[in-house]
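*Asks:* File work_10.cif follows (mmCIF, C-alpha atoms):
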```cif
data_my_file
#
loop_
_atom_site.label_atom_id
_atom_site.label_comp_id
_atom_site.auth_asym_id
_atom_site.auth_seq_id
_atom_site.Cartn_x
_atom_site.Cartn_y
_atom_site.Cartn_z
CA MET A 813 5.43 0.83 11.63
CA PRO A 814 5.20 4.36 10.11
CA ARG A 815 2.88 4.79 7.18
CA GLU A 816 4.47 4.99 3.77
CA ALA A 817 2.79 8.04 2.24
CA LEU A 818 1.85 7.72 -1.41
CA SER A 819 2.40 10.83 -3.53
CA THR A 820 2.58 9.22 -6.97
CA LEU A 821 1.22 5.92 -8.22
CA THR A 822 2.90 3.07 -10.05
CA GLU A 823 1.16 1.80 -13.18
CA PRO A 824 -0.54 -1.17 -11.42
CA MET A 825 -1.59 1.14 -8.55
CA TYR A 826 -3.13 3.59 -11.01
CA TYR A 827 -5.21 0.84 -12.63
CA VAL A 828 -6.34 -0.60 -9.28
CA LEU A 829 -7.55 2.85 -8.19
CA LEU A 830 -9.24 3.32 -11.58
CA ALA A 831 -11.03 0.00 -11.03
CA LEU A 832 -12.12 1.05 -7.56
CA THR A 833 -14.15 4.01 -8.81
CA ARG A 834 -16.96 1.50 -8.15
CA PRO A 835 -17.14 -0.96 -5.22
CA LEU A 836 -15.42 -4.25 -6.08
CA CYS A 837 -14.10 -7.35 -4.34
CA GLY A 838 -10.56 -8.75 -4.85
CA ILE A 839 -11.19 -11.03 -7.83
CA GLU A 840 -13.32 -8.34 -9.51
CA ILE A 841 -10.48 -5.83 -9.12
CA MET A 842 -8.06 -8.28 -10.80
CA GLU A 843 -10.48 -8.74 -13.70
CA ALA A 844 -11.19 -5.01 -13.96
CA VAL A 845 -7.46 -4.18 -14.15
CA GLN A 846 -7.03 -6.61 -17.06
CA GLU A 847 -10.05 -5.13 -18.80
CA LEU A 848 -9.07 -1.48 -18.24
CA SER A 849 -5.51 -2.10 -19.45
CA HIS A 850 -6.80 -4.09 -22.46
CA GLY A 851 -5.04 -7.24 -21.20
CA ARG A 852 -1.66 -5.53 -20.88
CA LEU A 853 -1.54 -5.70 -17.08
CA SER A 854 -2.42 -8.49 -14.72
CA ILE A 855 -2.15 -8.33 -10.96
CA GLY A 856 -1.70 -11.42 -8.81
CA PRO A 857 -3.72 -11.82 -5.61
CA GLY A 858 -0.62 -11.50 -3.40
CA THR A 859 0.47 -8.26 -5.04
CA LEU A 860 -3.11 -6.96 -4.91
CA TYR A 861 -3.37 -7.77 -1.20
CA THR A 862 -0.19 -5.79 -0.43
CA MET A 863 -1.42 -2.89 -2.54
CA LEU A 864 -4.90 -2.83 -0.98
CA ALA A 865 -3.35 -2.87 2.52
CA LYS A 866 -1.13 0.09 1.55
CA PHE A 867 -4.11 1.99 0.06
CA GLU A 868 -6.18 1.28 3.17
CA ASP A 869 -3.35 2.46 5.46
CA ASN A 870 -3.13 5.69 3.45
CA GLY A 871 -6.90 6.23 3.53
CA LEU A 872 -7.25 5.97 -0.26
CA ILE A 873 -9.77 3.13 -0.12
CA ALA A 874 -12.13 1.78 2.52
CA LEU A 875 -13.51 -1.64 3.24
CA ILE A 876 -17.26 -1.77 2.70
CA PRO A 877 -18.77 -2.94 6.00
CA THR A 878 -20.79 -6.15 5.81
CA SER A 879 -23.86 -6.90 7.91
CA PRO A 880 -23.59 -9.77 10.48
CA GLY A 881 -25.53 -12.12 8.15
CA GLU A 882 -22.95 -11.59 5.39
CA SER A 883 -19.90 -12.77 7.34
CA GLY A 884 -18.90 -15.27 4.62
CA LYS A 885 -19.17 -12.66 1.88
CA ARG A 886 -16.06 -11.54 -0.01
CA LYS A 887 -14.51 -8.29 1.19
CA SER A 888 -15.33 -5.35 -1.07
CA TYR A 889 -13.56 -2.02 -1.25
CA GLU A 890 -14.45 1.45 -2.47
CA MET A 891 -12.38 4.53 -3.13
CA THR A 892 -12.45 7.39 -0.61
CA GLU A 893 -12.40 11.13 -1.41
CA LYS A 894 -8.66 11.15 -0.70
CA GLY A 895 -8.20 8.28 -3.17
CA ALA A 896 -10.25 10.08 -5.81
CA ALA A 897 -8.14 13.22 -5.34
CA LEU A 898 -4.90 11.26 -5.78
CA LEU A 899 -6.27 9.52 -8.86
CA ARG A 900 -7.24 12.87 -10.42
CA GLN A 901 -3.79 14.28 -9.56
CA GLU A 902 -2.09 11.25 -11.14
CA TYR A 903 -4.29 11.50 -14.25
CA SER A 904 -3.35 15.19 -14.66
CA ARG A 905 0.33 14.35 -14.20
CA LEU A 906 0.23 11.63 -16.84
CA LYS A 907 -1.75 13.88 -19.20
CA ARG A 908 0.77 16.71 -18.79
CA GLN A 909 3.63 14.32 -19.44
CA ALA A 910 1.98 13.09 -22.64
CA GLU A 911 1.24 16.66 -23.78
CA ASP A 912 4.79 17.81 -22.99
CA GLY A 913 6.21 15.03 -25.11
CA LYS A 914 3.62 15.26 -27.90
CA ALA A 915 5.36 17.83 -30.15
CA ILE A 916 8.76 16.14 -29.89
CA MET A 917 7.32 12.66 -30.43
CA GLU A 918 5.41 13.85 -33.51
CA GLU A 919 8.60 15.38 -34.93
CA MET A 920 10.41 12.09 -34.32
CA THR A 921 7.76 10.05 -36.20
CA MET B 284 2.77 -43.25 12.32
CA SER B 285 0.10 -44.80 10.08
CA LYS B 286 0.75 -45.33 6.39
CA ASP B 287 -1.68 -42.51 5.58
CA LYS B 288 0.74 -39.97 6.99
CA THR B 289 4.43 -39.35 6.58
CA ARG B 290 6.92 -36.75 7.69
CA ARG B 291 9.75 -35.42 5.53
CA LEU B 292 12.61 -33.02 6.20
CA THR B 293 11.76 -29.86 4.21
CA LEU B 294 14.57 -27.39 4.68
CA PHE B 295 14.12 -24.62 2.13
CA ASP B 296 15.59 -21.15 2.05
CA SER B 297 13.76 -18.06 0.85
CA THR B 298 15.83 -18.17 -2.35
CA ASP B 299 14.81 -21.82 -2.95
CA LEU B 300 11.10 -21.35 -3.57
CA ALA B 301 11.32 -23.18 -6.92
CA ALA B 302 12.93 -26.16 -5.16
CA ALA B 303 10.12 -26.20 -2.59
CA GLU B 304 7.45 -26.03 -5.31
CA GLU B 305 9.22 -28.79 -7.26
CA TYR B 306 9.41 -30.99 -4.14
CA PHE B 307 5.72 -30.56 -3.22
CA THR B 308 4.72 -31.24 -6.85
CA ARG B 309 6.73 -34.50 -6.88
CA MET B 310 5.23 -35.57 -3.54
CA ALA B 311 1.68 -34.91 -4.85
CA GLU B 312 2.47 -36.94 -7.98
CA LYS B 313 3.49 -39.79 -5.67
CA GLY B 314 0.21 -39.43 -3.72
CA TRP B 315 1.38 -37.31 -0.77
CA LEU B 316 -0.22 -33.93 -0.18
CA LEU B 317 1.29 -31.38 2.16
CA LYS B 318 -0.79 -31.07 5.33
CA LYS B 319 1.47 -29.10 7.64
CA PHE B 320 4.57 -27.22 6.54
CA SER B 321 7.41 -27.22 9.08
CA LEU B 322 11.03 -28.40 9.37
CA PHE B 323 9.64 -31.95 9.26
CA SER B 324 6.55 -31.41 7.13
CA LEU B 325 3.52 -33.63 7.47
CA PHE B 326 2.09 -35.18 4.30
CA THR B 327 -1.17 -37.12 4.03
CA ARG B 328 -2.15 -39.75 1.47
CA CYS B 329 -4.07 -38.49 -1.55
CA GLU B 330 -4.81 -39.64 -5.07
CA PRO B 331 -1.60 -39.17 -7.08
CA LYS B 332 -2.23 -36.02 -9.06
CA LYS B 333 -0.58 -33.22 -10.95
CA LEU B 334 -0.94 -30.05 -8.90
CA ARG B 335 0.53 -26.62 -9.41
CA PHE B 336 2.24 -25.31 -6.27
CA SER B 337 3.17 -21.78 -5.32
CA VAL B 338 5.29 -20.94 -2.28
CA GLN B 339 5.20 -17.29 -1.24
CA ILE B 340 6.86 -15.23 1.45
CA LEU B 341 4.56 -13.05 3.51
CA LEU B 342 6.41 -10.98 6.05
CA PRO B 343 4.71 -9.48 9.07
CA LYS B 344 4.25 -5.77 8.37
CA ARG B 345 2.35 -5.28 11.57
CA ARG B 346 3.46 -8.08 13.88
CA LYS B 347 0.34 -7.93 16.02
CA GLU B 348 -1.87 -8.27 12.98
CA TYR B 349 0.11 -11.00 11.20
CA ALA B 350 -2.63 -13.64 11.58
CA ALA B 351 -5.19 -11.24 10.10
CA ASP B 352 -2.72 -10.38 7.32
CA VAL B 353 -2.23 -14.07 6.47
CA LYS B 354 -6.01 -14.59 6.50
CA GLY B 355 -6.61 -11.62 4.19
CA TYR B 356 -3.78 -12.71 1.86
CA THR B 357 -4.88 -16.35 1.68
CA ASP B 358 -8.56 -15.39 1.23
CA LEU B 359 -7.65 -13.31 -1.80
CA CYS B 360 -5.50 -16.13 -3.21
CA GLU B 361 -8.37 -18.57 -2.70
CA GLU B 362 -10.72 -16.20 -4.54
CA ALA B 363 -8.25 -16.35 -7.44
CA GLY B 364 -8.29 -20.17 -7.53
CA TRP B 365 -5.46 -21.15 -5.17
CA ARG B 366 -5.97 -23.44 -2.15
CA TYR B 367 -4.01 -22.50 0.95
CA LEU B 368 -2.24 -25.51 2.46
CA SER B 369 0.05 -24.34 5.25
CA GLY B 370 2.61 -21.78 6.31
CA TYR B 371 5.86 -21.81 8.27
CA THR B 372 8.31 -19.01 9.22
CA GLY B 373 6.82 -16.56 6.74
CA MET B 374 6.69 -19.08 3.84
CA HIS B 375 3.19 -20.04 2.72
CA VAL B 376 2.24 -22.92 0.42
CA PHE B 377 -0.64 -22.80 -2.05
CA ALA B 378 -1.81 -25.46 -4.52
CA SER B 379 -4.18 -25.52 -7.45
CA GLU B 380 -5.53 -28.20 -9.76
CA LYS B 381 -5.94 -25.58 -12.48
CA GLU B 382 -3.05 -24.72 -14.76
CA ASP B 383 -4.34 -21.25 -15.62
CA VAL B 384 -4.48 -19.75 -12.11
CA PRO B 385 -2.77 -16.33 -11.96
CA GLU B 386 0.68 -15.91 -10.46
CA ILE B 387 0.27 -14.87 -6.81
CA VAL B 388 2.94 -12.16 -6.84
CA THR B 389 3.33 -10.17 -10.06
CA ASP B 390 5.44 -7.31 -8.73
CA PRO B 391 9.20 -8.11 -9.03
CA ALA B 392 10.13 -5.42 -6.48
CA GLU B 393 7.81 -7.06 -3.93
CA ARG B 394 9.44 -10.47 -4.52
CA ILE B 395 12.97 -9.06 -4.17
CA ALA B 396 12.06 -7.12 -1.00
CA ALA B 397 10.44 -10.18 0.64
CA VAL B 398 13.35 -12.53 -0.12
CA SER B 399 15.91 -9.88 0.92
CA THR B 400 14.29 -9.28 4.31
CA GLN B 401 13.82 -12.99 4.98
CA SER B 402 17.37 -13.92 3.89
CA LYS B 403 19.09 -11.10 5.80
CA THR B 404 17.22 -11.99 8.99
CA GLY B 405 18.25 -15.65 8.62
CA ILE B 406 21.91 -14.80 7.91
CA ILE B 407 22.20 -12.39 10.86
CA ALA B 408 20.54 -14.95 13.16
CA LEU B 409 23.08 -17.60 12.09
CA PHE B 410 26.07 -15.32 12.69
CA ILE B 411 24.72 -14.46 16.15
CA ALA B 412 23.98 -18.15 16.90
CA SER B 413 27.57 -19.08 16.02
CA LEU B 414 28.80 -16.90 18.92
CA VAL B 415 27.32 -19.42 21.39
CA PHE B 416 30.22 -21.75 20.55
CA LEU B 417 32.92 -19.06 20.77
CA PRO B 418 34.10 -19.86 24.36
CA GLY B 419 34.79 -23.46 23.31
CA VAL B 420 36.72 -22.34 20.23
CA ILE B 421 38.81 -19.87 22.26
CA GLY B 422 39.48 -22.70 24.73
CA LEU B 423 40.57 -24.98 21.87
CA PHE B 424 43.18 -22.53 20.55
CA SER B 425 44.33 -21.65 24.04
CA ASN B 426 44.84 -25.36 24.86
CA LEU B 427 46.65 -25.95 21.57
CA ILE B 428 49.05 -23.08 22.35
CA HIS B 429 49.73 -24.74 25.70
CA GLY B 430 50.65 -27.96 23.93
CA GLU B 431 47.50 -30.04 24.49
CA SER B 432 46.46 -32.46 21.76
CA LEU B 433 43.17 -32.26 19.85
CA LEU B 434 42.13 -35.68 21.13
CA SER B 435 42.20 -34.46 24.74
CA GLN B 436 39.62 -31.80 23.83
CA ILE B 437 37.08 -34.12 22.20
CA GLY B 438 34.60 -33.69 25.09
CA TYR B 439 33.85 -29.95 24.71
CA GLU B 440 36.20 -27.81 22.62
CA ILE B 441 36.17 -29.92 19.42
CA PRO B 442 32.34 -30.22 19.25
CA CYS B 443 32.14 -26.44 19.84
CA ALA B 444 34.60 -25.77 17.02
CA LEU B 445 32.71 -28.10 14.66
CA CYS B 446 29.35 -26.56 15.54
CA MET B 447 30.66 -23.02 15.09
CA THR B 448 32.29 -23.96 11.77
CA SER B 449 29.05 -25.59 10.56
CA VAL B 450 26.91 -22.59 11.51
CA LEU B 451 29.37 -20.14 9.95
CA LEU B 452 29.63 -22.27 6.81
CA LEU B 453 25.84 -22.33 6.58
CA ALA B 454 25.71 -18.54 7.03
CA CYS B 455 28.36 -18.09 4.29
CA ALA B 456 26.51 -20.48 1.95
CA LYS B 457 23.27 -18.57 2.56
CA THR B 458 25.00 -15.22 1.98
CA ASP B 459 26.53 -16.46 -1.26
CA ALA B 460 23.23 -17.92 -2.51
CA PHE B 461 21.34 -14.75 -1.59
CA SER B 462 23.87 -12.42 -3.30
CA LYS B 463 23.73 -14.50 -6.48
CA TRP B 464 19.93 -14.69 -6.38
CA ARG B 465 19.53 -10.95 -5.77
CA SER B 466 21.86 -9.99 -8.59
CA ASP B 467 20.03 -12.34 -11.03
CA ALA B 468 16.62 -11.19 -9.77
CA GLU B 469 17.47 -7.50 -10.25
CA LYS B 470 18.71 -8.17 -13.78
CA ALA B 471 15.52 -10.15 -14.55
CA ALA B 472 13.34 -7.35 -13.12
CA GLU B 473 15.14 -4.76 -15.29
CA LYS B 474 14.59 -6.87 -18.41
CA GLY B 475 10.97 -7.58 -17.44
CA ILE B 476 11.45 -11.36 -17.42
CA PRO B 477 10.23 -13.65 -14.59
CA ILE B 478 12.40 -13.90 -11.49
CA ARG B 479 13.82 -17.39 -11.06
CA TYR B 480 14.36 -19.11 -7.72
CA PHE B 481 16.86 -21.90 -7.09
CA GLY B 482 15.59 -25.37 -7.99
CA MET B 483 16.19 -28.80 -6.41
CA ARG B 484 19.43 -29.37 -8.34
CA GLU B 485 21.06 -26.15 -7.13
CA THR B 486 19.97 -26.61 -3.51
CA ARG B 487 21.23 -30.21 -3.49
CA LEU B 488 24.56 -29.09 -4.94
CA ARG B 489 24.83 -26.46 -2.20
CA THR B 490 24.11 -29.10 0.48
CA VAL B 491 26.73 -31.46 -0.96
CA LEU B 492 29.30 -28.63 -1.06
CA PHE B 493 28.51 -27.80 2.58
CA PHE B 494 29.24 -31.38 3.69
CA VAL B 495 32.36 -31.62 1.50
CA VAL B 496 33.83 -28.49 3.13
CA LEU B 497 32.87 -29.78 6.59
CA ALA B 498 34.50 -33.15 5.84
CA ALA B 499 37.63 -31.33 4.60
CA ILE B 500 37.82 -29.45 7.92
CA LEU B 501 37.49 -32.72 9.85
CA ILE B 502 40.24 -34.33 7.77
CA ALA B 503 42.44 -31.26 8.35
CA MET B 504 41.90 -31.65 12.12
CA VAL B 505 42.83 -35.34 12.01
CA LEU B 506 45.99 -34.54 9.98
CA PHE B 507 46.84 -31.79 12.47
CA GLU B 508 46.51 -34.28 15.35
CA ILE B 509 48.73 -36.81 13.55
CA GLY B 510 51.27 -34.04 12.95
CA LEU B 511 51.25 -33.12 16.66
CA ARG B 512 51.81 -36.74 17.72
CA PHE B 513 54.55 -37.19 15.12
CA ASN B 514 56.35 -34.08 16.40
CA ALA B 515 55.96 -35.21 20.03
CA ALA B 516 57.46 -38.59 19.16
#
```
Here is a file; write its structure as structure tokens.
*Replies:*
Amino acid sequence: MPREALSTLTEPMYYVLLALTRPLCGIEIMEAVQELSHGRLSIGPGTLYTMLAKFEDNGLIALIPTSPGESGKRKSYEMTEKGAALLRQEYSRLKRQAEDGKAIMEEMT
Amino acid sequence: MSKDKTRRLTLFDSTDLAAAEEYFTRMAEKGWLLKKFSLFSLFTRCEPKKLRFSVQILLPKRRKEYAADVKGYTDLCEEAGWRYLSGYTGMHVFASEKEDVPEIVTDPAERIAAVSTQSKTGIIALFIASLVFLPGVIGLFSNLIHGESLLSQIGYEIPCALCMTSVLLLACAKTDAFSKWRSDAEKAAEKGIPIRYFGMRETRLRTVLFFVVLAAILIAMVLFEIGLRFNAA
């Protein structure tokens, strides 16, 4: 199956990548997303699995290898350089959008 | 089979996930926990308890790696408080004793895509399967044109016609249910409200309707045969 290249991020994707600026396992990512979004967003484990698989396929995150003695340990992920670049690009895009709308929104209020 | 195990017919469509969850919940309340999900699912005796069930569709993205995909998916769900029970034809059943476990799938687009793929595959497979009975149906009409009665064709042509009608009816019922579900699901996703699957009541109603239409076709055939005999007399 051809890879689905990611050029922009959806809101949940953005928060998952934000969470993965430090190595985390699945349940920690879910908790971090809730915390970072101040409880506004919650991601189910099924949705998170699909998203992590997509990120991994696109080289945005990588699975942290475990030593043979840690086979039962939860899988943890960390963001790659490519992932960090996409996150920075998305942050700039969102910032520009907010700045572009700022003057008009202030006039409206 | 011992009294600690029982098998039940569990025929659920991808649009009927609520019905499946409702059914497994009722069984657990009666003291039967799902052990193996299949067409005739296996249940084992347990303490009657209130469990929360979640049935999810996980489609193979990379067919060769499907087992690893299921393992990764279920591991993550177990981390979040769900217990994986069993899976069958892309549908996977989870249970939890906790009420506050998170929803497994929170992305409406993902739900719609999974149900759409699963439903379309099932519908296409049914339409193709119905073609197996086509020679018998052609034979039936050909014989009727040549003045043979329906009764003389009860050995091959009539069963073929009934089977083809049943399979096509099932495919039409599935198509109708899927179209309705998809339209409702897209509206719900737009409004940001939870997507609803068909429950036990709706699936039972659909089954009853299926048998009513099939019975009507049988009655029509009998009336046709009577008409033929009356004309011949």
*Asks:* Select, from A:Ile916, A:Ile855, A:Leu832, A:Met863, the residue with the minimum atom-to-atom distance to Glu893 (chain A), counting all atoms listed in the file.
*Replies:*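 Going through A:Ile916, A:Ile855, A:Leu832, A:Met863 one by one, the smallest distance to Glu893 (chain A) is for A:Leu832.
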*Asks:* Output the residue selection produced by the PyMOL selection byres ((chain B) within 12 of (chain A)) on the file above, formatted as a PyMOL selection string.
*Replies:* chain B and resi 337-348+351-365+375+377+384-394+397
*Asks:* Anything within 8 Å of (4.1, -38.4, 3.6): list those residues as JSON, numbers by chain, counting only C-alpha atoms and sticking to the file's coordinates.
*Replies:* {"B": [287, 288, 289, 290, 291, 310, 315, 316, 317, 325, 326, 327, 328]}
*Asks:* Could you please determine the separation between CA of Val845 (chain A) and CA of Leu864 (chain A) in Å, to one decimal place?
*Replies:*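 We find that CA of Val845 (chain A) and CA of Leu864 (chain A) lie 13.5 Å from each other.
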*Asks:* Can you tell me, as a count of residues only, what residues are no more than 9 Å from region 304-309 of chain B when counting all atoms listed in the file, ignoring any on the same chain fewer than 4 positions away?
*Replies:* 18
*Asks:* Which residues are near Ile395 (chain B)? Cut-off 9 Å, only C-alpha atoms, ignore same chain within fewer than 6 positions. Put them as a PyMOL selection string.
*Replies:* chain B and resi 465+468-469+478
*Asks:* Output as JSON the centre and edge lengths (Å, one decimal) of the box along x, y and z of the file that holds every listed atom of region 377-391 of chain B after adding 6 Å on each side.
*Replies:*
```
{"center_x": 1.6, "center_y": -17.8, "center_z": -8.8, "size_x": 27.1, "size_y": 32.9, "size_z": 25.6}
```
*Asks:* Which of these, B:Leu292, B:Val398, B:Lys318, B:Lys286, has the shortest distance to Arg366 (chain B) once you count all atoms listed in the file?
*Replies:* B:Lys318
*Asks:* If I take CA of Ser379 (chain B) and CA of Glu312 (chain B), how far is one from the other in Å, to one decimal?
*Replies:*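 Answer for the CA of Ser379 (chain B) to CA of Glu312 (chain B) separation: 13.2 Å.
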*Asks:* So how many Å separate CA of Leu492 (chain B) and CA of Glu508 (chain B), to one decimal?
*Replies:*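 Computed distance, CA of Leu492 (chain B) to CA of Glu508 (chain B), equals 24.4 Å.
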*Asks:* Taking the file as I've supplied it (selection: the PyMOL selection byres ((chain A and resi 892) around 7)), which residues are included? Please answer as number ranges by chain.
*Replies:* A: 872-874, 890-891, 893-896
*Asks:* Excluding same-chain residues fewer than 6 positions from Ser435 (chain B), what lies within 12 Å of it counting all atoms listed in the file, as a list of chain:residue names?
*Replies:* B:Leu423, B:Asn426, B:Leu427, B:Ile441, B:Glu508
*Asks:* Would you mind listing what lies within 12 Å of Glu440 (chain B) as a list in words, with only C-alpha atoms counted and same-chain residues fewer than 6 positions away left out?
*Replies:* Phe416, Leu417, Pro418, Gly419, Val420, Ile421, Gly422, Leu423, Phe424, Ser425, Asn426, Leu427, Glu431, Ser432, Leu433, Leu434, Cys446 and Met447 of chain B
*Asks:* Generate the output file for the selected residues, C-alpha atoms, as a tab-separated table (two decimals), keeping the file's coordinate frame.
*Replies:*
```
chain	number	residue	atom	x	y	z
B	416	PHE	CA	30.22	-21.75	20.55
B	417	LEU	CA	32.92	-19.06	20.77
B	418	PRO	CA	34.10	-19.86	24.36
B	419	GLY	CA	34.79	-23.46	23.31
B	420	VAL	CA	36.72	-22.34	20.23
B	421	ILE	CA	38.81	-19.87	22.26
B	422	GLY	CA	39.48	-22.70	24.73
B	423	LEU	CA	40.57	-24.98	21.87
B	424	PHE	CA	43.18	-22.53	20.55
B	425	SER	CA	44.33	-21.65	24.04
B	426	ASN	CA	44.84	-25.36	24.86
B	427	LEU	CA	46.65	-25.95	21.57
B	431	GLU	CA	47.50	-30.04	24.49
B	432	SER	CA	46.46	-32.46	21.76
B	433	LEU	CA	43.17	-32.26	19.85
B	434	LEU	CA	42.13	-35.68	21.13
B	446	CYS	CA	29.35	-26.56	15.54
B	447	MET	CA	30.66	-23.02	15.09
```
*Asks:* Within 9 Å of Val450 (chain B), counting only C-alpha atoms, which residues qualify if same-chain residues fewer than 5 places away don't, as a PyMOL selection string?
*Replies:* chain B and resi 409-410+412-413+445+455
*Asks:* Put those residues in a file: C-alpha atoms, as a compact mmCIF listing (two decimals), keeping the file's coordinate frame.
*Replies:*
```txt
# COMPACT_ATOMS: atom_id res chain seq x y z
CA LEU B 409 23.08 -17.60 12.09
CA PHE B 410 26.07 -15.32 12.69
CA ALA B 412 23.98 -18.15 16.90
CA SER B 413 27.57 -19.08 16.02
CA LEU B 445 32.71 -28.10 14.66
CA CYS B 455 28.36 -18.09 4.29
```
*Asks:* With the file shown as input, list the residues that the PyMOL selection byres ((chain A and resi 899) around 12) selects, as a PyMOL selection string.
*Replies:* chain A and resi 818-823+825-833+867+872-873+891-898+900-906
*Asks:* Write region 324-330 of chain B as a PDB file, keeping the file's coordinate frame, completed to all heavy atoms.
*Replies:*
```pdb
ATOM      1  N   SER B 324       7.932 -31.616   7.593  1.00  0.00           N
ATOM      2  CA  SER B 324       6.550 -31.410   7.130  1.00  0.00           C
ATOM      3  C   SER B 324       5.741 -32.687   7.149  1.00  0.00           C
ATOM      4  O   SER B 324       6.259 -33.784   6.917  1.00  0.00           O
ATOM      5  CB  SER B 324       6.569 -30.846   5.714  1.00  0.00           C
ATOM      6  OG  SER B 324       7.131 -29.577   5.727  1.00  0.00           O
ATOM      7  N   LEU B 325       4.438 -32.492   7.425  1.00  0.00           N
ATOM      8  CA  LEU B 325       3.520 -33.630   7.470  1.00  0.00           C
ATOM      9  C   LEU B 325       2.781 -33.718   6.129  1.00  0.00           C
ATOM     10  O   LEU B 325       2.233 -32.734   5.642  1.00  0.00           O
ATOM     11  CB  LEU B 325       2.519 -33.421   8.615  1.00  0.00           C
ATOM     12  CG  LEU B 325       1.441 -34.484   8.788  1.00  0.00           C
ATOM     13  CD1 LEU B 325       2.046 -35.817   9.236  1.00  0.00           C
ATOM     14  CD2 LEU B 325       0.393 -34.030   9.788  1.00  0.00           C
ATOM     15  N   PHE B 326       2.801 -34.933   5.562  1.00  0.00           N
ATOM     16  CA  PHE B 326       2.090 -35.180   4.300  1.00  0.00           C
ATOM     17  C   PHE B 326       1.022 -36.238   4.539  1.00  0.00           C
ATOM     18  O   PHE B 326       1.252 -37.187   5.315  1.00  0.00           O
ATOM     19  CB  PHE B 326       3.066 -35.698   3.230  1.00  0.00           C
ATOM     20  CG  PHE B 326       4.067 -34.677   2.784  1.00  0.00           C
ATOM     21  CD1 PHE B 326       5.237 -34.458   3.516  1.00  0.00           C
ATOM     22  CD2 PHE B 326       3.860 -33.914   1.645  1.00  0.00           C
ATOM     23  CE1 PHE B 326       6.173 -33.513   3.119  1.00  0.00           C
ATOM     24  CE2 PHE B 326       4.788 -32.962   1.231  1.00  0.00           C
ATOM     25  CZ  PHE B 326       5.952 -32.766   1.974  1.00  0.00           C
ATOM     26  N   THR B 327      -0.121 -36.100   3.900  1.00  0.00           N
ATOM     27  CA  THR B 327      -1.170 -37.120   4.030  1.00  0.00           C
ATOM     28  C   THR B 327      -1.410 -37.764   2.671  1.00  0.00           C
ATOM     29  O   THR B 327      -1.163 -37.156   1.620  1.00  0.00           O
ATOM     30  CB  THR B 327      -2.484 -36.517   4.555  1.00  0.00           C
ATOM     31  OG1 THR B 327      -2.799 -35.398   3.743  1.00  0.00           O
ATOM     32  CG2 THR B 327      -2.386 -36.093   6.005  1.00  0.00           C
ATOM     33  N   ARG B 328      -1.893 -38.998   2.705  1.00  0.00           N
ATOM     34  CA  ARG B 328      -2.150 -39.750   1.470  1.00  0.00           C
ATOM     35  C   ARG B 328      -3.233 -39.069   0.655  1.00  0.00           C
ATOM     36  O   ARG B 328      -4.219 -38.571   1.193  1.00  0.00           O
ATOM     37  CB  ARG B 328      -2.622 -41.169   1.810  1.00  0.00           C
ATOM     38  CG  ARG B 328      -1.516 -42.176   1.772  1.00  0.00           C
ATOM     39  CD  ARG B 328      -1.438 -42.844   0.399  1.00  0.00           C
ATOM     40  NE  ARG B 328      -0.244 -43.696   0.359  1.00  0.00           N
ATOM     41  CZ  ARG B 328       0.782 -43.495  -0.448  1.00  0.00           C
ATOM     42  NH1 ARG B 328       0.794 -42.491  -1.287  1.00  0.00           N
ATOM     43  NH2 ARG B 328       1.792 -44.308  -0.436  1.00  0.00           N
ATOM     44  N   CYS B 329      -3.042 -39.019  -0.653  1.00  0.00           N
ATOM     45  CA  CYS B 329      -4.070 -38.490  -1.550  1.00  0.00           C
ATOM     46  C   CYS B 329      -3.972 -39.261  -2.861  1.00  0.00           C
ATOM     47  O   CYS B 329      -3.037 -40.050  -3.038  1.00  0.00           O
ATOM     48  CB  CYS B 329      -3.886 -36.991  -1.783  1.00  0.00           C
ATOM     49  SG  CYS B 329      -2.386 -36.582  -2.711  1.00  0.00           S
ATOM     50  N   GLU B 330      -4.898 -39.043  -3.731  1.00  0.00           N
ATOM     51  CA  GLU B 330      -4.810 -39.640  -5.070  1.00  0.00           C
ATOM     52  C   GLU B 330      -3.603 -39.007  -5.763  1.00  0.00           C
ATOM     53  O   GLU B 330      -3.469 -37.782  -5.736  1.00  0.00           O
ATOM     54  CB  GLU B 330      -6.069 -39.274  -5.881  1.00  0.00           C
ATOM     55  CG  GLU B 330      -7.282 -40.118  -5.576  1.00  0.00           C
ATOM     56  CD  GLU B 330      -7.095 -41.567  -6.008  1.00  0.00           C
ATOM     57  OE1 GLU B 330      -6.732 -41.781  -7.186  1.00  0.00           O
ATOM     58  OE2 GLU B 330      -7.263 -42.472  -5.156  1.00  0.00           O
TER      59      GLU B 330
END
```
